[in-house]
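Below: the structure, in structure tokens.
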Amino acid sequence: MRSSLPSYAVTVPFDDLLRANARYADDFALSGFDGIAHAGVGVVTCMDSRIDPLGLLGLGPGDAKILRNPGGRVTDQVLVALVLSVHLLNVDRILVMPHTRCAIASATEEQIRERVSESSGQDASWATFGVVADQEAALDDDVARVRSHPLIPDSVNVGGFLYDVDTGRLTRRA
Ligand SMILES: [Zn+2]
């Protein structure tokens with residue numbers, strides 16, 4: 001937050017959220033809670049707002065480590081987080097969980113570049129958005145990346161799952 005901004009510019013776009021947070025903090029029950037994953041669960045999934053990772057697995061705050069990005073891909077940074085999750089934060093089950101009707105898996109890199117260029121009014125031809133041409137193959141690759149990581153032991157269960165955003169159902173694929 002830059003102090004040179006007029007106060008209305010700093011607060012107005014977030015007012016509703018800050019009011020909601022004040023109510024949340026009034027009933028806050030997680031004070032002093034540790035940061036480990038109590039259900040031993042790690043989830044790699046997409047940023048898509050149709051996905052409620054904790055809810056769809058019957059979990060709640062404190063139960064899982066949730067790692068999200070476009071497409072739910074196992075990136076280098078996700079692997080770093082998974083290694084920390086396994087060794088320091090109690091995770092022993094990892095779900096890699098892309099979903100149906102994912103924008104990143106249903107367009108070409110060029111189409112997304114064009115849409116971002118249109119929206120921004122800037123040239124986006126240089127940008128890489130990591131589209132997925134074959135979602136099943138990408139899931140296989142991502143699960144293999146986790147399973148074969150030298151710092152993720154074989155005792156950790158790793159599975160690939162597809163989440164259906166229209167039915168709420170999770171199906172094991174890898
Ligand atoms: Zn998605």
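Scheme for the structure tokens: letters A, B, ... for chains in order shown; per-chain residue numbers from 1; ligand numbers from 1 in order shown.
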*Step by step, measure atom-to-atom distances between ligand 1 and each residue using only C-alpha atoms and all ligand atoms, keep those at most 9 Å, then write them as a list in words.*
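Listed by chain and ascending number, the contacts are Thr45, Cys46, Met47, Asp48, Ser49, Arg50, Ile51, Asn69, Pro70, Gly71, Gly72, Pro98, His99, Thr100, Arg101, Cys102, Ala103, Ile104 and Ala105 of chain A.
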Take the selection from the previous step and output its residues with C-alpha atoms, as a compact mmCIF listing (two decimals), in the first residue's frame.
# COMPACT_ATOMS: atom_id res chain seq x y z
CA THR A 45 -5.17 -27.90 -8.52
CA CYS A 46 -6.25 -25.11 -10.82
CA MET A 47 -6.99 -21.52 -9.83
CA ASP A 48 -10.51 -21.96 -11.26
CA SER A 49 -13.08 -20.42 -8.92
CA ARG A 50 -15.47 -23.34 -9.43
CA ILE A 51 -13.16 -25.56 -7.36
CA ASN A 69 -2.02 -22.30 -10.51
CA PRO A 70 -3.47 -22.14 -14.03
CA GLY A 71 -4.29 -25.72 -15.00
CA GLY A 72 -3.19 -27.27 -11.71
CA PRO A 98 -6.94 -30.74 -12.91
CA HIS A 99 -10.58 -30.25 -13.89
CA THR A 100 -13.07 -30.43 -16.74
CA ARG A 101 -13.72 -27.35 -18.92
CA CYS A 102 -10.38 -25.81 -17.87
CA ALA A 103 -9.57 -22.71 -19.91
CA ILE A 104 -5.88 -23.60 -19.93
CA ALA A 105 -6.70 -27.02 -21.48
*Can you list, as a list of chain:residue names, every protein, DNA or RNA residue that comes within 12 Å of Ile36 in chain A when you count only C-alpha atoms, leaving out same-chain residues fewer than 3 positions away?*
A:Phe33, A:Ala39, A:Gly40, A:Val41, A:Gly42, A:Pro61, A:Gly62, A:Asp63, A:Ala64, A:Lys65, A:Ile66, A:Leu84, A:Ser85, A:Val86, A:His87, A:Leu88, A:Leu89, A:Asn90, A:Val91, A:Asp92
*From range 40-159 of chain A, collect each residue whose DSSP state is alpha helix (DSSP H) and return the set as a VMD selection string.*
chain A and resid 53 to 56 76 to 88 109 to 120 135 to 147
*Any idea what the distance is between CA of Val158 in chain A and CA of Thr128 in chain A?*
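Distance between the two atoms: 27.9 Å.
Once Ala144 in chain A and its same-chain neighbours fewer than 5 positions away are set aside, Val74, Ala138, Leu139, His149, Val158, Gly159, Gly160 and Ala174 of chain A remain within 10 Å of it when counting only C-alpha atoms.
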Saved selection, atoms kept: N, CA and C atoms, as a short mmCIF file (atom, residue, chain, number, x, y, z; two decimals), in the first residue's frame:
data_model
loop_
_atom_site.label_atom_id
_atom_site.label_comp_id
_atom_site.auth_asym_id
_atom_site.auth_seq_id
_atom_site.Cartn_x
_atom_site.Cartn_y
_atom_site.Cartn_z
N VAL A 74 2.10 -29.33 -12.10
CA VAL A 74 3.21 -29.56 -11.18
C VAL A 74 4.42 -28.81 -11.72
N ALA A 138 -0.77 -34.67 -19.72
CA ALA A 138 -0.16 -33.72 -18.77
C ALA A 138 -0.31 -34.23 -17.34
N LEU A 139 -1.47 -34.82 -17.05
CA LEU A 139 -1.67 -35.35 -15.70
C LEU A 139 -0.72 -36.51 -15.42
N HIS A 149 10.39 -37.63 -7.86
CA HIS A 149 11.25 -36.61 -7.23
C HIS A 149 12.11 -37.26 -6.15
N VAL A 158 0.74 -40.80 -4.18
CA VAL A 158 0.53 -39.74 -5.16
C VAL A 158 -0.50 -40.22 -6.17
N GLY A 159 -1.56 -39.45 -6.38
CA GLY A 159 -2.58 -39.85 -7.34
C GLY A 159 -2.96 -38.70 -8.26
N GLY A 160 -3.37 -39.06 -9.48
CA GLY A 160 -3.88 -38.07 -10.43
C GLY A 160 -5.39 -38.21 -10.54
N ALA A 174 -4.80 -41.45 -12.57
CA ALA A 174 -3.38 -41.86 -12.60
C ALA A 174 -2.93 -42.22 -11.20
#
*Might you pull out every residue within 12 Å of Gln77 in chain A, with only C-alpha atoms counted and same-chain residues fewer than 3 positions away left off, and present them as a list in words?*
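So the residues in contact are Val44, Leu67, Arg68, Asn69, Arg73, Val74, Val80, Ala81, Leu82, Val83, Leu84 and Val146 of chain A.
Put simply, CA of Gln135 in chain A is 9.1 Å away from CA of Ser106 in chain A.
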*Shortest interatomic distance to Leu57 in chain A - which of A:Val12, A:Ala107, A:Leu30, A:Leu170, counting only C-alpha atoms*: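 Selected residue with least distance to Leu57 in chain A: A:Leu170.
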*Find the spatial neighbours of Thr171 in chain A, counting only C-alpha atoms, within a cut-off of 9 Å - ignore same-chain residues fewer than 2 positions away - and output them as a PyMOL selection string.*
chain A and resi 160-164+169+173
*Quick one: DSSP strand (DSSP E or B) residues in range 1-151 of chain A, as a PyMOL selection string?*
chain A and resi 41-46+64-69+93-97+99
*Return the single residue from A:Thr167, A:Thr75, A:Thr108, A:Ser31 that is closest to Ala133 in chain A, with distances computed using only C-alpha atoms.*
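Counting only C-alpha atoms, the residue closest to Ala133 in chain A is A:Thr108.
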